[in-house]
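Before any comments, here is the structure.
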2 protein chains.
Amino acid sequence: MSLRYATLGLLSKWEASGYDIKKEFHDIMSIFWHTHLSQIYPELKKLENENLISSKLIPQMGKPDKKIYSITEDGREVLLKWLLESNEIPKIKDSFLMQTFFLDNIPVDEVLLKLNMQKKERRQRLEIMKIMSKEKLESIKERNVMTARILMASAVLRRGIEQEKQYIKWCEETISLVEYCKYLWEKNDDYLTPSTENVESQNTTSIPFTEVEDVLLKYFADIVDEV
Amino acid sequence: MSLRYATLGLLSKWEASGYDIKKEFHDIMSIFWHTHLSQIYPELKKLENENLISSKLIPQMGKPDKKIYSITEDGREVLLKWLLESNEIPKIKDSFLMQTFFLDNIPVDEVLLKLNMQKKERRQRLEIMKIMSKEKLESIKERNVMTARILMASAVLRRGIEQEKQYIKWCEETISLVEYCKYLWEKNDDYLTPSTENVESQNTTSIPFTEVEDVLLKYFADIVDEV
DNA sequence: TTCCACATGTAAAGGGTTACATGATTGA
DNA sequence: TCAATCATGTAACCCTTTACATGTGGAA
């Protein structure tokens, strides 16, 4: 349902073609949403049929014609209603965290490889966001004006940067922890051997808690220090 | 595609019925995934048809029969292949951040209300995770053993806690910023008035950058300090 | 006596992804 | 000459959500 509002929201800021909208989704909006061109075009058609947006054809030289959409009064009302009335609680689907949860099933070297790869991926995302942030700040300074629109976009950008930074930090901490507790995977080298009924006691190494007490207590320190 | 692996992964740890699986999704797995019972049951059937899991019926007193599923050798292989070969890059869909991006369209009081509500929501999630974390630490201490499985589950839990904490902090910072820059919304009180072609220059208040320079520079400070 | 937890499902509708289809221009 | 960018779309498939359907036992 949210592609509808993402599109209306975007067109509440600027007029745009389907292709332009895709670029926005790929740019700053990638911090909170993603979609495909093949989903945008039918959605635009639907929105136009409902009179929430309208279009005009712009012929271009050398390039294919452009279909520029703009939001209508009805569209603006629908958008405002959604902003005022619906309280979206983001439903998280983090496939990497899901893999992490099951990573005791593969050899410890592979675990470390995966965590390092994720860290790299996150660092790339962070770099892109930093560049966006720099550009934004410079354009604000240049034009020497501030609007509510720029303010909210900046807030979203900051959230994105913080999230990536923290993900990277978590990767590093988890890598250290796994490296420290490597031997827990020892008996798991033959990870393709048959499973048994009592999975808990077989196929894994358990060590007395005292050996890792300090590291784990530190790792769980967050429980104690209140926000 | 990932419900498949979430299910296989879960059954690689314990045997479970569809109902049990739903409870796990609602519990610790809620940090990284969510689903409905009506999706779990067909998925279990599909997995059984492909011989990746097998089931046995457990008659119960007073309660309906239980269908307990366990992973097969084929299932374990499929799971390991996914863990070793696929590098999941989480595709973010954060509907609240999306709303935030468009919040310049509604009155500033409504903006503050929304941010405060999100903060409250996030705090509730954090409290639940803290309780989970406490329970986990106590059970580790009690049993006095450590396994790779517990380690990875703890890492995921920590990530969840950090994320909620940071989201709360971001809400607070953004509330302060919006309160400081309230006047940017001033001319936007009549937010149901007709739109115009040149959206950028109308319907919004712009102020010289210098007035908020300090606050914004601080807000953008993250660009400068490297990870 | 009403609601919640336990327990398993089906059906329909809606949303999202991948593959297919076309075609011009520009830069490497 | 090959790939990428600009530009618009359709079709098939897959995944996800909401609504429907049924029934028991225990607690408030």
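Naming scheme: A, B, ... for chains in displayed order of the structure tokens; residues 1 onward per chain; ligands 1 onward as shown.
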With only C-alpha atoms (C1' of nucleotides) considered, list every residue of chain B at most 10 Å from chain D, as a list in words.
Met1, Ser2, Leu3, Thr35, His36, Ser38, Gln39, Gly62, Lys63 and Pro64 of chain B
Go ahead and dump the residues you just picked, C-alpha atoms, as a PDB file, in the first residue's frame.
ATOM      1  CA  MET B   1      11.812 -16.559  -0.569  1.00  0.00           C
ATOM      2  CA  SER B   2      13.102 -16.056   2.926  1.00  0.00           C
ATOM      3  CA  LEU B   3      10.198 -17.528   4.881  1.00  0.00           C
ATOM      4  CA  THR B  35       4.835 -13.367   9.136  1.00  0.00           C
ATOM      5  CA  HIS B  36       1.331 -14.757   9.602  1.00  0.00           C
ATOM      6  CA  SER B  38      -1.822 -18.315   7.258  1.00  0.00           C
ATOM      7  CA  GLN B  39       1.514 -18.128   5.466  1.00  0.00           C
ATOM      8  CA  GLY B  62      -8.105 -31.399  25.676  1.00  0.00           C
ATOM      9  CA  LYS B  63      -6.211 -29.585  22.956  1.00  0.00           C
ATOM     10  CA  PRO B  64      -6.262 -30.093  19.186  1.00  0.00           C
TER      11      PRO B  64
END
Please identify all polymer residues within 12 Å of Glu24 (chain A), counting only C-alpha atoms (C1' of nucleotides), omitting same-chain residues fewer than 3 positions from it, and present them as a PDB file with C-alpha atoms, in the first residue's frame.
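Result written to around04.pdb:
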ATOM      1  CA  ALA A   6       5.619   7.202  -1.688  1.00  0.00           C
ATOM      2  CA  THR A   7       4.583   8.251  -5.193  1.00  0.00           C
ATOM      3  CA  GLY A   9       4.557  12.189  -1.509  1.00  0.00           C
ATOM      4  CA  LEU A  10       7.222  12.553  -4.135  1.00  0.00           C
ATOM      5  CA  LEU A  11       4.836  14.270  -6.549  1.00  0.00           C
ATOM      6  CA  LYS A  13       7.371  17.957  -3.909  1.00  0.00           C
ATOM      7  CA  TRP A  14       8.140  17.929  -7.615  1.00  0.00           C
ATOM      8  CA  GLU A  15       6.565  16.913 -10.898  1.00  0.00           C
ATOM      9  CA  ALA A  16       8.201  13.785 -12.243  1.00  0.00           C
ATOM     10  CA  SER A  17       8.029  11.013 -14.822  1.00  0.00           C
ATOM     11  CA  GLY A  18       8.065   7.323 -13.919  1.00  0.00           C
ATOM     12  CA  TYR A  19      11.724   7.244 -14.803  1.00  0.00           C
ATOM     13  CA  ASP A  20      12.467  10.254 -12.576  1.00  0.00           C
ATOM     14  CA  ILE A  21      10.606   8.601  -9.697  1.00  0.00           C
ATOM     15  CA  ASP A  27      18.823   8.017  -4.446  1.00  0.00           C
ATOM     16  CA  ILE A  28      17.790   9.483  -1.085  1.00  0.00           C
ATOM     17  CA  MET A  29      14.581   7.447  -0.828  1.00  0.00           C
ATOM     18  CA  SER A  30      16.667   4.247  -0.842  1.00  0.00           C
ATOM     19  CA  ILE A  31      17.204   4.945   2.865  1.00  0.00           C
ATOM     20  CA  PHE A  32      13.605   3.927   3.552  1.00  0.00           C
ATOM     21  CA  TRP A  33      12.095   2.305   0.430  1.00  0.00           C
ATOM     22  CA  HIS A  34      12.869   0.426  -2.766  1.00  0.00           C
ATOM     23  CA  THR A  35      10.889  -0.606  -5.823  1.00  0.00           C
ATOM     24  CA  HIS A  36      11.110  -1.423  -9.519  1.00  0.00           C
ATOM     25  CA  LEU A  37      10.183   0.492 -12.652  1.00  0.00           C
ATOM     26  CA  ILE A  40       5.962   2.280 -10.738  1.00  0.00           C
TER      27      ILE A  40
END
List every residue of region 5-218 of chain B that DSSP, applied to the backbone of this structure, places in strand (DSSP E), and write the result as a PyMOL selection string.
chain B and resi 53-58+66-71+145-146+207-208
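Counting from CA of Gln166 (chain B), the distance to CA of Asp214 (chain A) is 24.8 Å.
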Interface, chain C side, toward chain A (12 Å; only C-alpha atoms (C1' of nucleotides)) as a tab-separated table (two decimals) with all heavy atoms, in the first residue's frame:
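This is the output file result_4.tsv:
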chain	number	residue	atom	x	y	z
C	14	DG	P	-8.20	-6.03	-3.82
C	14	DG	OP1	-9.08	-4.99	-3.29
C	14	DG	OP2	-8.14	-6.35	-5.27
C	14	DG	O5'	-6.71	-5.73	-3.35
C	14	DG	C5'	-6.33	-5.91	-1.98
C	14	DG	C4'	-4.83	-6.06	-1.91
C	14	DG	O4'	-4.46	-7.40	-2.30
C	14	DG	C3'	-4.09	-5.12	-2.86
C	14	DG	O3'	-3.27	-4.30	-2.04
C	14	DG	C2'	-3.29	-6.04	-3.79
C	14	DG	C1'	-3.22	-7.33	-2.98
C	14	DG	N9	-3.07	-8.57	-3.74
C	14	DG	C8	-3.89	-9.07	-4.70
C	14	DG	N7	-3.49	-10.23	-5.18
C	14	DG	C5	-2.33	-10.49	-4.47
C	14	DG	C6	-1.44	-11.60	-4.54
C	14	DG	O6	-1.51	-12.60	-5.26
C	14	DG	N1	-0.37	-11.46	-3.65
C	14	DG	C2	-0.19	-10.40	-2.80
C	14	DG	N2	0.89	-10.43	-2.02
C	14	DG	N3	-1.01	-9.37	-2.72
C	14	DG	C4	-2.05	-9.47	-3.58
C	15	DG	P	-2.37	-3.12	-2.56
C	15	DG	OP1	-2.38	-2.04	-1.55
C	15	DG	OP2	-2.73	-2.85	-3.97
C	15	DG	O5'	-0.93	-3.79	-2.55
C	15	DG	C5'	-0.42	-4.38	-1.36
C	15	DG	C4'	0.94	-4.96	-1.62
C	15	DG	O4'	0.82	-6.19	-2.37
C	15	DG	C3'	1.86	-4.05	-2.44
C	15	DG	O3'	3.09	-4.00	-1.71
C	15	DG	C2'	1.98	-4.73	-3.80
C	15	DG	C1'	1.71	-6.19	-3.47
C	15	DG	N9	1.07	-7.00	-4.50
C	15	DG	C8	-0.09	-6.73	-5.18
C	15	DG	N7	-0.42	-7.68	-6.03
C	15	DG	C5	0.58	-8.63	-5.88
C	15	DG	C6	0.77	-9.88	-6.52
C	15	DG	O6	0.05	-10.43	-7.36
C	15	DG	N1	1.92	-10.53	-6.07
C	15	DG	C2	2.79	-10.02	-5.14
C	15	DG	N2	3.84	-10.76	-4.83
C	15	DG	N3	2.62	-8.86	-4.52
C	15	DG	C4	1.51	-8.22	-4.94
C	16	DG	P	4.38	-3.31	-2.27
C	16	DG	OP1	5.23	-2.89	-1.13
C	16	DG	OP2	4.01	-2.32	-3.31
C	16	DG	O5'	5.08	-4.55	-2.98
C	16	DG	C5'	5.59	-5.62	-2.19
C	16	DG	C4'	6.51	-6.48	-3.03
C	16	DG	O4'	5.75	-7.21	-4.01
C	16	DG	C3'	7.59	-5.72	-3.81
C	16	DG	O3'	8.82	-6.39	-3.55
C	16	DG	C2'	7.15	-5.81	-5.27
C	16	DG	C1'	6.35	-7.10	-5.29
C	16	DG	N9	5.24	-7.21	-6.24
C	16	DG	C8	4.21	-6.34	-6.45
C	16	DG	N7	3.34	-6.75	-7.34
C	16	DG	C5	3.84	-7.98	-7.73
C	16	DG	C6	3.33	-8.92	-8.66
C	16	DG	O6	2.30	-8.85	-9.34
C	16	DG	N1	4.14	-10.04	-8.76
C	16	DG	C2	5.30	-10.24	-8.06
C	16	DG	N2	5.97	-11.36	-8.27
C	16	DG	N3	5.78	-9.39	-7.17
C	16	DG	C4	5.00	-8.28	-7.07
C	17	DT	P	10.19	-5.95	-4.24
C	17	DT	OP1	11.27	-6.14	-3.24
C	17	DT	OP2	10.01	-4.65	-4.90
C	17	DT	O5'	10.37	-7.07	-5.35
C	17	DT	C5'	10.44	-8.45	-4.97
C	17	DT	C4'	10.71	-9.32	-6.18
C	17	DT	O4'	9.54	-9.34	-7.03
C	17	DT	C3'	11.88	-8.85	-7.06
C	17	DT	O3'	12.77	-9.96	-7.17
C	17	DT	C2'	11.22	-8.43	-8.38
C	17	DT	C1'	9.93	-9.25	-8.39
C	17	DT	N1	8.75	-8.66	-9.10
C	17	DT	C2	8.08	-9.44	-10.02
C	17	DT	O2	8.41	-10.57	-10.32
C	17	DT	N3	6.98	-8.83	-10.59
C	17	DT	C4	6.50	-7.55	-10.33
C	17	DT	O4	5.51	-7.13	-10.91
C	17	DT	C5	7.26	-6.79	-9.37
C	17	DT	C7	6.82	-5.41	-9.02
C	17	DT	C6	8.33	-7.38	-8.79
C	18	DT	P	14.12	-9.87	-8.01
C	18	DT	OP1	15.11	-10.71	-7.29
C	18	DT	OP2	14.41	-8.45	-8.30
C	18	DT	O5'	13.75	-10.59	-9.39
C	18	DT	C5'	13.05	-11.83	-9.39
C	18	DT	C4'	12.75	-12.25	-10.82
C	18	DT	O4'	11.54	-11.59	-11.29
C	18	DT	C3'	13.84	-11.95	-11.85
C	18	DT	O3'	14.06	-13.16	-12.58
C	18	DT	C2'	13.27	-10.81	-12.70
C	18	DT	C1'	11.76	-11.07	-12.59
C	18	DT	N1	10.84	-9.89	-12.71
C	18	DT	C2	9.67	-10.04	-13.42
C	18	DT	O2	9.34	-11.06	-13.99
C	18	DT	N3	8.86	-8.91	-13.46
C	18	DT	C4	9.11	-7.69	-12.86
C	18	DT	O4	8.29	-6.77	-12.97
C	18	DT	C5	10.36	-7.59	-12.12
C	18	DT	C7	10.72	-6.32	-11.44
C	18	DT	C6	11.15	-8.69	-12.08
C	19	DA	P	15.14	-13.20	-13.80
C	19	DA	OP1	15.77	-14.54	-13.73
C	19	DA	OP2	15.98	-11.98	-13.79
C	19	DA	O5'	14.20	-13.15	-15.08
C	19	DA	C5'	13.03	-13.98	-15.14
C	19	DA	C4'	12.26	-13.68	-16.42
C	19	DA	O4'	11.43	-12.50	-16.23
C	19	DA	C3'	13.13	-13.41	-17.65
C	19	DA	O3'	12.58	-14.14	-18.74
C	19	DA	C2'	13.02	-11.90	-17.84
C	19	DA	C1'	11.59	-11.64	-17.35
C	19	DA	N9	11.33	-10.27	-16.88
C	19	DA	C8	12.13	-9.48	-16.08
C	19	DA	N7	11.62	-8.29	-15.83
C	19	DA	C5	10.41	-8.29	-16.52
C	19	DA	C6	9.40	-7.33	-16.67
C	19	DA	N6	9.44	-6.11	-16.11
C	19	DA	N1	8.33	-7.66	-17.44
C	19	DA	C2	8.29	-8.86	-18.01
C	19	DA	N3	9.17	-9.86	-17.94
C	19	DA	C4	10.22	-9.51	-17.17
C	20	DC	P	13.19	-14.04	-20.23
C	20	DC	OP1	13.02	-15.37	-20.84
C	20	DC	OP2	14.53	-13.39	-20.18
C	20	DC	O5'	12.19	-13.02	-20.94
C	20	DC	C5'	10.81	-13.40	-21.09
C	20	DC	C4'	10.05	-12.27	-21.73
C	20	DC	O4'	10.07	-11.10	-20.87
C	20	DC	C3'	10.61	-11.81	-23.10
C	20	DC	O3'	9.57	-11.88	-24.05
C	20	DC	C2'	11.09	-10.38	-22.83
C	20	DC	C1'	10.18	-9.95	-21.69
C	20	DC	N1	10.68	-8.82	-20.85
C	20	DC	C2	9.88	-7.67	-20.71
C	20	DC	O2	8.79	-7.62	-21.28
C	20	DC	N3	10.33	-6.65	-19.93
C	20	DC	C4	11.51	-6.75	-19.32
C	20	DC	N4	11.91	-5.71	-18.56
C	20	DC	C5	12.35	-7.90	-19.45
C	20	DC	C6	11.90	-8.90	-20.22
C	22	DT	P	10.23	-7.10	-29.60
C	22	DT	OP1	9.45	-7.50	-30.79
C	22	DT	OP2	11.59	-7.64	-29.34
C	22	DT	O5'	10.36	-5.51	-29.58
C	22	DT	C5'	9.26	-4.68	-29.19
C	22	DT	C4'	9.74	-3.25	-29.13
C	22	DT	O4'	10.22	-2.96	-27.79
C	22	DT	C3'	10.91	-2.93	-30.07
C	22	DT	O3'	10.50	-2.01	-31.06
C	22	DT	C2'	11.99	-2.36	-29.15
C	22	DT	C1'	11.25	-2.01	-27.90
C	22	DT	N1	12.07	-2.05	-26.64
C	22	DT	C2	11.98	-0.97	-25.78
C	22	DT	O2	11.27	-0.01	-26.00
C	22	DT	N3	12.76	-1.05	-24.66
C	22	DT	C4	13.62	-2.09	-24.32
C	22	DT	O4	14.26	-2.05	-23.28
C	22	DT	C5	13.67	-3.19	-25.26
C	22	DT	C7	14.57	-4.36	-24.99
C	22	DT	C6	12.91	-3.12	-26.37
C	23	DG	P	11.37	-1.83	-32.42
C	23	DG	OP1	10.39	-1.46	-33.47
C	23	DG	OP2	12.29	-2.98	-32.62
C	23	DG	O5'	12.27	-0.56	-32.10
C	23	DG	C5'	11.66	0.66	-31.67
C	23	DG	C4'	12.72	1.54	-31.09
C	23	DG	O4'	12.98	1.22	-29.69
C	23	DG	C3'	14.09	1.42	-31.78
C	23	DG	O3'	14.51	2.70	-32.15
C	23	DG	C2'	14.97	0.85	-30.70
C	23	DG	C1'	14.33	1.48	-29.48
C	23	DG	N9	14.78	0.96	-28.17
C	23	DG	C8	15.03	-0.35	-27.81
C	23	DG	N7	15.46	-0.48	-26.58
C	23	DG	C5	15.52	0.83	-26.10
C	23	DG	C6	15.92	1.32	-24.84
C	23	DG	O6	16.33	0.69	-23.86
C	23	DG	N1	15.82	2.71	-24.77
C	23	DG	C2	15.40	3.52	-25.80
C	23	DG	N2	15.38	4.82	-25.56
C	23	DG	N3	15.01	3.07	-26.98
C	23	DG	C4	15.10	1.72	-27.07
C	24	DA	P	15.47	2.99	-33.36
C	24	DA	OP1	14.62	3.20	-34.55
C	24	DA	OP2	16.56	1.99	-33.39
C	24	DA	O5'	16.11	4.41	-32.96
C	24	DA	C5'	15.27	5.49	-32.59
C	24	DA	C4'	16.00	6.36	-31.59
C	24	DA	O4'	16.10	5.62	-30.35
C	24	DA	C3'	17.42	6.72	-32.01
C	24	DA	O3'	17.56	8.14	-32.08
C	24	DA	C2'	18.31	6.15	-30.93
C	24	DA	C1'	17.38	5.81	-29.79
C	24	DA	N9	17.74	4.56	-29.11
C	24	DA	C8	17.69	3.29	-29.61
C	24	DA	N7	18.08	2.36	-28.76
C	24	DA	C5	18.43	3.08	-27.62
C	24	DA	C6	18.92	2.68	-26.36
C	24	DA	N6	19.15	1.41	-26.02
C	24	DA	N1	19.16	3.65	-25.46
C	24	DA	C2	18.92	4.93	-25.79
C	24	DA	N3	18.45	5.42	-26.94
C	24	DA	C4	18.22	4.43	-27.82
C	25	DT	P	18.85	8.82	-32.68
C	25	DT	OP1	18.44	10.11	-33.24
C	25	DT	OP2	19.56	7.82	-33.50
C	25	DT	O5'	19.75	9.09	-31.39
C	25	DT	C5'	19.26	9.91	-30.32
C	25	DT	C4'	20.24	9.88	-29.17
C	25	DT	O4'	20.31	8.54	-28.61
C	25	DT	C3'	21.67	10.27	-29.52
C	25	DT	O3'	22.07	11.32	-28.65
C	25	DT	C2'	22.48	8.99	-29.31
C	25	DT	C1'	21.65	8.26	-28.27
C	25	DT	N1	21.79	6.78	-28.19
C	25	DT	C2	22.17	6.20	-27.00
C	25	DT	O2	22.42	6.85	-26.00
C	25	DT	N3	22.25	4.83	-27.01
C	25	DT	C4	21.99	3.98	-28.08
C	25	DT	O4	22.10	2.76	-27.96
C	25	DT	C5	21.60	4.65	-29.31
C	25	DT	C7	21.30	3.83	-30.52
C	25	DT	C6	21.51	6.00	-29.31
C	26	DT	P	23.32	12.25	-28.96
C	26	DT	OP1	22.91	13.64	-28.64
C	26	DT	OP2	23.87	11.91	-30.28
C	26	DT	O5'	24.36	11.78	-27.86
C	26	DT	C5'	23.97	11.62	-26.50
C	26	DT	C4'	25.01	10.82	-25.73
C	26	DT	O4'	24.84	9.40	-25.96
C	26	DT	C3'	26.47	11.14	-26.11
C	26	DT	O3'	27.19	11.39	-24.91
C	26	DT	C2'	26.95	9.89	-26.82
C	26	DT	C1'	26.12	8.81	-26.12
C	26	DT	N1	25.93	7.52	-26.86
C	26	DT	C2	26.05	6.32	-26.17
C	26	DT	O2	26.32	6.26	-25.00
C	26	DT	N3	25.85	5.18	-26.93
C	26	DT	C4	25.54	5.13	-28.27
C	26	DT	O4	25.38	4.05	-28.84
C	26	DT	C5	25.42	6.40	-28.93
C	26	DT	C7	25.10	6.46	-30.40
C	26	DT	C6	25.62	7.53	-28.21
